[in-house]
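Peer 1: Once you've had a glance at the structure underneath, I'll fire off some questions.
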Amino acid sequence: MGELLGVLPVDKPKGLTSTEVLNRIKKRFGVSKVGHTGTLDPFAEGLLLLLFGKATRLAEYYQRLPKRYIAAGLLGVETDTYDITGNVTARREGTFPSRARMEEIVASFKGEILQVPPPFSAKKIRGKRAYQLARKGIRVELKPVKVKVYEIRLLDYQPPRFTVEVEVSGGTYIRSLIRDIGLKTSLGATTESLKRTAIGNITLDKVHSLEEILNRDDLRGLLLPPDWGLDFPKITLEPQLVKPLKNGVFIPLKERFEDGTLLRVYSPKGFVAIGRVVKGRLKPEKVFL
């Protein structure tokens, strides 16, 4: 098939890890250079972005995009994985908050917060994944990390169950967020279901099911341009400036941008680079030529 290049939005089904989805596609189409831009837990479903070929070099930019989820929590139950697939570690009884109070509690998590990642997570501790240590019964001490909740609202509340829609920064664990909401009610909570509905401006209406993908003979008709989901400003360079860009030369900019701004750089023939603005000039970061 030759080297593939581009982005593929996949609707990950429940029951598979993100890596299993990736491996099935790799095996079916005989491709080797492919990666994803953010893990979804096996019990979770929804938008998973796969990057093919040199587009894998853009993973760090896709990982920084805000992500949107719909998550359902169960009050009064805590588990070791912070979701319904884990072992129950506590059950609590008490009075459920009123809907008004539950809305207040949920809204209180908007903004910059500190959260502790779940023990069963991909965070690394001394070179090992936290979930690898947790499965061996080794107690995992994970430090709180600063994350940002851009939006959060209570969609449904039928005690003991509640559903929230949330948009968060990269690196946020929704399982931890649901657990923390539960702790604030004094009842605890665990995540019952989780669906990723958007990454940046990429939404579920743009995805393809795994079954649809695996039934195709060729992926080329599905792949989107490497920078398709990135919302950086776009500039087009004159042809004579493209080669210096490849050699790492800083390019003077006609347009004004704030220092540090990331730009998608095009030649008249198409996408060629991601660059950063430094004192009115374009510094090449990732060049695709």
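Letters for chains follow the order of the structure tokens (A, B, ...), residue numbers begin at 1 for each chain, and ligand numbers begin at 1 in the order shown.
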Using DSSP assignments from the backbone, pull out every residue in range 31-111 of chain A that falls under strand (DSSP E) and give it to me as a list in words.

Peer 2: Val34, Gly35, His36, Glu45, Gly46, Leu47, Leu48, Leu49, Leu50, Leu51, Phe52, Lys67, Arg68, Tyr69, Ile70, Ala71, Ala72, Gly73, Leu74, Leu75, Val77, Glu78, Thr79, Val88, Thr89, Ala90, Arg91 and Gly111 of chain A

Peer 1: Keeping only N, CA, C and O atoms, write the selected residues as a compact mmCIF listing (two decimals), in the first residue's frame.

Peer 2:
# COMPACT_ATOMS: atom_id res chain seq x y z
N VAL A 34 2.14 4.11 12.77
CA VAL A 34 0.84 4.65 13.15
C VAL A 34 0.79 4.75 14.67
O VAL A 34 1.32 3.91 15.38
N GLY A 35 0.17 5.81 15.17
CA GLY A 35 0.04 6.00 16.61
C GLY A 35 -1.26 6.70 16.92
O GLY A 35 -1.96 7.17 16.01
N HIS A 36 -1.61 6.75 18.20
CA HIS A 36 -2.82 7.48 18.59
C HIS A 36 -2.45 8.69 19.45
O HIS A 36 -1.32 8.81 19.91
N GLU A 45 -15.66 4.54 25.33
CA GLU A 45 -15.89 4.53 23.89
C GLU A 45 -15.76 5.95 23.35
O GLU A 45 -15.62 6.91 24.09
N GLY A 46 -15.81 6.04 22.01
CA GLY A 46 -15.81 7.37 21.41
C GLY A 46 -14.59 7.67 20.57
O GLY A 46 -13.89 6.76 20.07
N LEU A 47 -14.31 8.95 20.43
CA LEU A 47 -13.33 9.45 19.46
C LEU A 47 -11.89 9.09 19.83
O LEU A 47 -11.39 9.46 20.89
N LEU A 48 -11.25 8.39 18.91
CA LEU A 48 -9.83 8.05 19.02
C LEU A 48 -9.17 8.49 17.72
O LEU A 48 -9.60 8.09 16.64
N LEU A 49 -8.14 9.32 17.83
CA LEU A 49 -7.45 9.83 16.63
C LEU A 49 -6.21 8.99 16.36
O LEU A 49 -5.35 8.85 17.22
N LEU A 50 -6.12 8.47 15.14
CA LEU A 50 -4.92 7.74 14.72
C LEU A 50 -4.16 8.59 13.71
O LEU A 50 -4.75 9.21 12.83
N LEU A 51 -2.83 8.62 13.87
CA LEU A 51 -1.95 9.36 12.97
C LEU A 51 -1.08 8.38 12.21
O LEU A 51 -0.48 7.48 12.81
N PHE A 52 -1.01 8.55 10.88
CA PHE A 52 -0.28 7.63 10.02
C PHE A 52 0.94 8.31 9.42
O PHE A 52 0.91 9.48 9.05
N LYS A 67 -10.37 18.20 25.26
CA LYS A 67 -11.17 17.02 24.96
C LYS A 67 -12.51 17.12 25.68
O LYS A 67 -12.58 17.62 26.80
N ARG A 68 -13.55 16.63 25.02
CA ARG A 68 -14.90 16.69 25.59
C ARG A 68 -15.42 15.27 25.82
O ARG A 68 -15.21 14.38 24.98
N TYR A 69 -16.07 15.08 26.96
CA TYR A 69 -16.58 13.77 27.34
C TYR A 69 -18.00 13.88 27.90
O TYR A 69 -18.39 14.92 28.44
N ILE A 70 -18.71 12.76 27.81
CA ILE A 70 -19.93 12.56 28.60
C ILE A 70 -19.64 11.38 29.50
O ILE A 70 -19.25 10.30 29.03
N ALA A 71 -19.80 11.58 30.81
CA ALA A 71 -19.46 10.55 31.78
C ALA A 71 -20.60 10.35 32.77
O ALA A 71 -21.24 11.31 33.19
N ALA A 72 -20.85 9.10 33.11
CA ALA A 72 -21.88 8.76 34.09
C ALA A 72 -21.21 8.22 35.35
O ALA A 72 -20.31 7.37 35.27
N GLY A 73 -21.64 8.73 36.50
CA GLY A 73 -21.08 8.30 37.78
C GLY A 73 -22.13 7.64 38.65
O GLY A 73 -23.33 7.90 38.52
N LEU A 74 -21.66 6.78 39.56
CA LEU A 74 -22.52 6.09 40.51
C LEU A 74 -22.11 6.51 41.91
O LEU A 74 -20.99 6.23 42.36
N LEU A 75 -23.00 7.20 42.62
CA LEU A 75 -22.72 7.65 43.98
C LEU A 75 -22.81 6.49 44.98
O LEU A 75 -23.59 5.56 44.80
N VAL A 77 -20.41 4.37 45.84
CA VAL A 77 -19.52 3.24 45.56
C VAL A 77 -18.15 3.77 45.13
O VAL A 77 -18.08 4.69 44.32
N GLU A 78 -17.08 3.18 45.69
CA GLU A 78 -15.73 3.50 45.23
C GLU A 78 -15.05 2.21 44.81
O GLU A 78 -15.29 1.15 45.40
N THR A 79 -14.21 2.29 43.78
CA THR A 79 -13.48 1.13 43.30
C THR A 79 -12.00 1.46 43.17
O THR A 79 -11.61 2.62 43.11
N VAL A 88 -14.61 -3.22 44.30
CA VAL A 88 -15.22 -2.25 45.21
C VAL A 88 -14.36 -2.12 46.46
O VAL A 88 -14.03 -3.11 47.11
N THR A 89 -13.97 -0.90 46.79
CA THR A 89 -13.16 -0.64 47.98
C THR A 89 -13.97 0.01 49.10
O THR A 89 -13.53 0.00 50.25
N ALA A 90 -15.12 0.57 48.77
CA ALA A 90 -15.96 1.20 49.80
C ALA A 90 -17.39 1.35 49.28
O ALA A 90 -17.62 1.58 48.09
N ARG A 91 -18.33 1.18 50.20
CA ARG A 91 -19.74 1.49 49.93
C ARG A 91 -20.23 2.41 51.04
O ARG A 91 -19.97 2.15 52.21
N GLY A 111 -12.50 25.26 36.06
CA GLY A 111 -11.28 26.05 36.27
C GLY A 111 -10.07 25.16 36.43
O GLY A 111 -10.08 23.98 36.09

Peer 1: Can you tell me which residues surround Ile251 in chain A at a distance of at most 7 Å, considering only C-alpha atoms, apart from same-chain residues fewer than 2 positions away, and format the answer as JSON, numbers by chain?

Peer 2: {"A": [245, 249, 253, 281, 282, 283]}

Peer 1: Under the rule that only C-alpha atoms are counted, which of A:Leu214, A:Ile274, A:Val242, A:Val149 is the nearest residue to Phe29 in chain A?

Peer 2: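 For Phe29 in chain A, the nearest of the candidates is A:Leu214.
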
Peer 1: Neighbouring residues of Lys195 in chain A were defined as those with any atom within 12 Å, considering only C-alpha atoms; residues of the same chain fewer than 2 positions away were excluded. Please report them as a compact mmCIF listing (two decimals) with N, CA, C and O atoms, in the first residue's frame.

Peer 2:
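Wrote it out as selection-v4.txt, contents follow:
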# COMPACT_ATOMS: atom_id res chain seq x y z
N ASP A 11 -14.18 5.66 15.83
CA ASP A 11 -15.13 5.53 16.94
C ASP A 11 -14.77 4.25 17.69
O ASP A 11 -15.16 3.15 17.29
N LYS A 12 -13.99 4.39 18.77
CA LYS A 12 -13.53 3.21 19.51
C LYS A 12 -14.71 2.55 20.24
O LYS A 12 -15.44 3.21 20.97
N PRO A 13 -14.89 1.24 20.04
CA PRO A 13 -15.97 0.56 20.76
C PRO A 13 -15.55 0.19 22.19
O PRO A 13 -14.35 0.15 22.51
N LYS A 14 -16.52 -0.08 23.03
CA LYS A 14 -16.23 -0.57 24.38
C LYS A 14 -15.56 -1.94 24.30
O LYS A 14 -15.80 -2.71 23.37
N LEU A 40 -7.90 5.85 25.39
CA LEU A 40 -9.23 5.68 25.98
C LEU A 40 -9.23 4.36 26.73
O LEU A 40 -8.75 3.34 26.21
N ASP A 41 -9.76 4.34 27.94
CA ASP A 41 -9.82 3.11 28.73
C ASP A 41 -10.64 2.06 27.99
O ASP A 41 -11.55 2.40 27.20
N PRO A 42 -10.38 0.76 28.24
CA PRO A 42 -11.15 -0.30 27.56
C PRO A 42 -12.66 -0.17 27.74
O PRO A 42 -13.42 -0.45 26.80
N PHE A 43 -13.14 0.25 28.92
CA PHE A 43 -14.58 0.35 29.13
C PHE A 43 -15.18 1.60 28.48
O PHE A 43 -16.40 1.72 28.37
N ALA A 44 -14.31 2.51 28.01
CA ALA A 44 -14.77 3.76 27.41
C ALA A 44 -14.95 3.60 25.90
O ALA A 44 -14.44 2.66 25.28
N GLU A 45 -15.66 4.54 25.33
CA GLU A 45 -15.89 4.53 23.89
C GLU A 45 -15.76 5.95 23.35
O GLU A 45 -15.62 6.91 24.09
N GLY A 46 -15.81 6.04 22.01
CA GLY A 46 -15.81 7.37 21.41
C GLY A 46 -14.59 7.67 20.57
O GLY A 46 -13.89 6.76 20.07
N LEU A 47 -14.31 8.95 20.43
CA LEU A 47 -13.33 9.45 19.46
C LEU A 47 -11.89 9.09 19.83
O LEU A 47 -11.39 9.46 20.89
N LEU A 48 -11.25 8.39 18.91
CA LEU A 48 -9.83 8.05 19.02
C LEU A 48 -9.17 8.49 17.72
O LEU A 48 -9.60 8.09 16.64
N LYS A 67 -10.37 18.20 25.26
CA LYS A 67 -11.17 17.02 24.96
C LYS A 67 -12.51 17.12 25.68
O LYS A 67 -12.58 17.62 26.80
N ARG A 68 -13.55 16.63 25.02
CA ARG A 68 -14.90 16.69 25.59
C ARG A 68 -15.42 15.27 25.82
O ARG A 68 -15.21 14.38 24.98
N TYR A 69 -16.07 15.08 26.96
CA TYR A 69 -16.58 13.77 27.34
C TYR A 69 -18.00 13.88 27.90
O TYR A 69 -18.39 14.92 28.44
N ILE A 70 -18.71 12.76 27.81
CA ILE A 70 -19.93 12.56 28.60
C ILE A 70 -19.64 11.38 29.50
O ILE A 70 -19.25 10.30 29.03
N ALA A 71 -19.80 11.58 30.81
CA ALA A 71 -19.46 10.55 31.78
C ALA A 71 -20.60 10.35 32.77
O ALA A 71 -21.24 11.31 33.19
N ALA A 72 -20.85 9.10 33.11
CA ALA A 72 -21.88 8.76 34.09
C ALA A 72 -21.21 8.22 35.35
O ALA A 72 -20.31 7.37 35.27
N THR A 163 -24.95 12.21 35.44
CA THR A 163 -24.23 12.29 34.18
C THR A 163 -23.75 13.72 33.97
O THR A 163 -24.51 14.66 34.18
N VAL A 164 -22.50 13.86 33.59
CA VAL A 164 -21.93 15.19 33.34
C VAL A 164 -21.36 15.25 31.93
O VAL A 164 -20.95 14.24 31.36
N GLU A 165 -21.35 16.45 31.38
CA GLU A 165 -20.62 16.73 30.15
C GLU A 165 -19.49 17.68 30.52
O GLU A 165 -19.72 18.66 31.24
N VAL A 166 -18.29 17.39 30.03
CA VAL A 166 -17.14 18.14 30.49
C VAL A 166 -16.14 18.32 29.35
O VAL A 166 -15.97 17.43 28.51
N GLU A 167 -15.52 19.50 29.31
CA GLU A 167 -14.42 19.76 28.38
C GLU A 167 -13.19 20.09 29.21
O GLU A 167 -13.24 20.96 30.09
N ILE A 174 -10.91 11.63 33.63
CA ILE A 174 -12.32 11.80 33.96
C ILE A 174 -12.71 10.88 35.11
O ILE A 174 -13.55 11.23 35.94
N ARG A 175 -12.09 9.71 35.19
CA ARG A 175 -12.37 8.81 36.33
C ARG A 175 -12.04 9.50 37.65
O ARG A 175 -12.78 9.36 38.64
N THR A 191 -16.94 5.74 38.14
CA THR A 191 -17.43 6.01 36.78
C THR A 191 -18.08 4.77 36.20
O THR A 191 -17.48 3.69 36.16
N GLU A 192 -19.32 4.92 35.73
CA GLU A 192 -20.05 3.79 35.13
C GLU A 192 -19.87 3.72 33.62
O GLU A 192 -19.80 2.64 33.05
N SER A 193 -19.82 4.87 32.96
CA SER A 193 -19.61 4.88 31.52
C SER A 193 -18.91 6.17 31.13
O SER A 193 -18.99 7.17 31.84
N THR A 197 -16.38 12.67 23.12
CA THR A 197 -17.21 13.18 22.03
C THR A 197 -16.50 14.19 21.15
O THR A 197 -16.98 14.49 20.05
N ALA A 198 -15.36 14.72 21.59
CA ALA A 198 -14.65 15.70 20.77
C ALA A 198 -13.20 15.83 21.21
O ALA A 198 -12.87 15.65 22.38
N ILE A 199 -12.33 16.12 20.24
CA ILE A 199 -10.94 16.51 20.48
C ILE A 199 -10.74 17.80 19.70
O ILE A 199 -10.76 17.79 18.47
N THR A 203 -15.26 16.23 15.99
CA THR A 203 -16.40 15.69 16.72
C THR A 203 -16.78 14.32 16.17
O THR A 203 -16.27 13.86 15.15
N LEU A 204 -17.74 13.68 16.85
CA LEU A 204 -18.12 12.31 16.50
C LEU A 204 -18.77 12.20 15.13
O LEU A 204 -18.82 11.10 14.56

Peer 1: So, counting only C-alpha atoms, which residue among A:Gly170, A:Gly188, A:Pro118, A:Pro226 is closest to Leu8 in chain A?

Peer 2: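 Ranking A:Gly170, A:Gly188, A:Pro118, A:Pro226 by distance to Leu8 in chain A, first place goes to A:Pro226.
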
Peer 1: Suppose you want the space between CA of Gly280 in chain A and CA of Ala55 in chain A; what is it in Å?

Peer 2: 26.8 Å

Peer 1: Do you know which residues are at most 10 Å from Asn201 in chain A counting only C-alpha atoms, after dropping those on the same chain fewer than 6 positions away, and could you put them as a PyMOL selection string?

Peer 2: chain A and resi 65-68+228-231

Peer 1: Residues near Lys146 in chain A, anyone? I mean within 12 Å using only C-alpha atoms, not counting same-chain ones fewer than 4 positions away, as a PyMOL selection string.

Peer 2: chain A and resi 111-117+168-173

Peer 1: Would you pick out the contacts of range 264-267 of chain A at 12 Å or less, using only C-alpha atoms, so that residues sharing its chain but fewer than 3 positions from it are not included, and give the list as a ChimeraX atom specification?

Peer 2: /A:58,61,225-243,245-246,251,253,261,270-277,282-289

Peer 1: Might you pull out every residue within 10 Å of Met102 in chain A, with only C-alpha atoms counted and same-chain residues fewer than 5 positions away left off, and present them as an MDAnalysis selection string?

Peer 2: chainID A and resid 96:97 107:108 154 157 162 181:182 184:185

Peer 1: Please, what distance in Å, to one decimal, runs between CA of Thr190 in chain A and CA of Thr19 in chain A?

Peer 2: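 Distance between the two atoms: 24.1 Å.
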
Peer 1: Would you list, as a PyMOL selection string, the residues of range 53-201 of chain A that end up in alpha helix (DSSP H) under DSSP run on this structure's backbone?

Peer 2: chain A and resi 59-63+99-107+130-135+174-184

Peer 1: What is the CA of Arg220 in chain A-CA of Val7 in chain A distance in Å, reported with one decimal?

Peer 2: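 CA of Val7 in chain A lies at a distance of 10.3 Å from CA of Arg220 in chain A.
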
Peer 1: Would you mind telling me which residue in A:Gly53, A:Leu22, A:Thr95, A:Tyr82 lies nearest to Leu223 in chain A when using only C-alpha atoms?

Peer 2: A:Gly53

Peer 1: I'd like to know which of A:Arg256, A:Arg179, A:Lys269, A:Arg153 is closest to Asp83 in chain A, using only C-alpha atoms.

Peer 2: A:Arg179
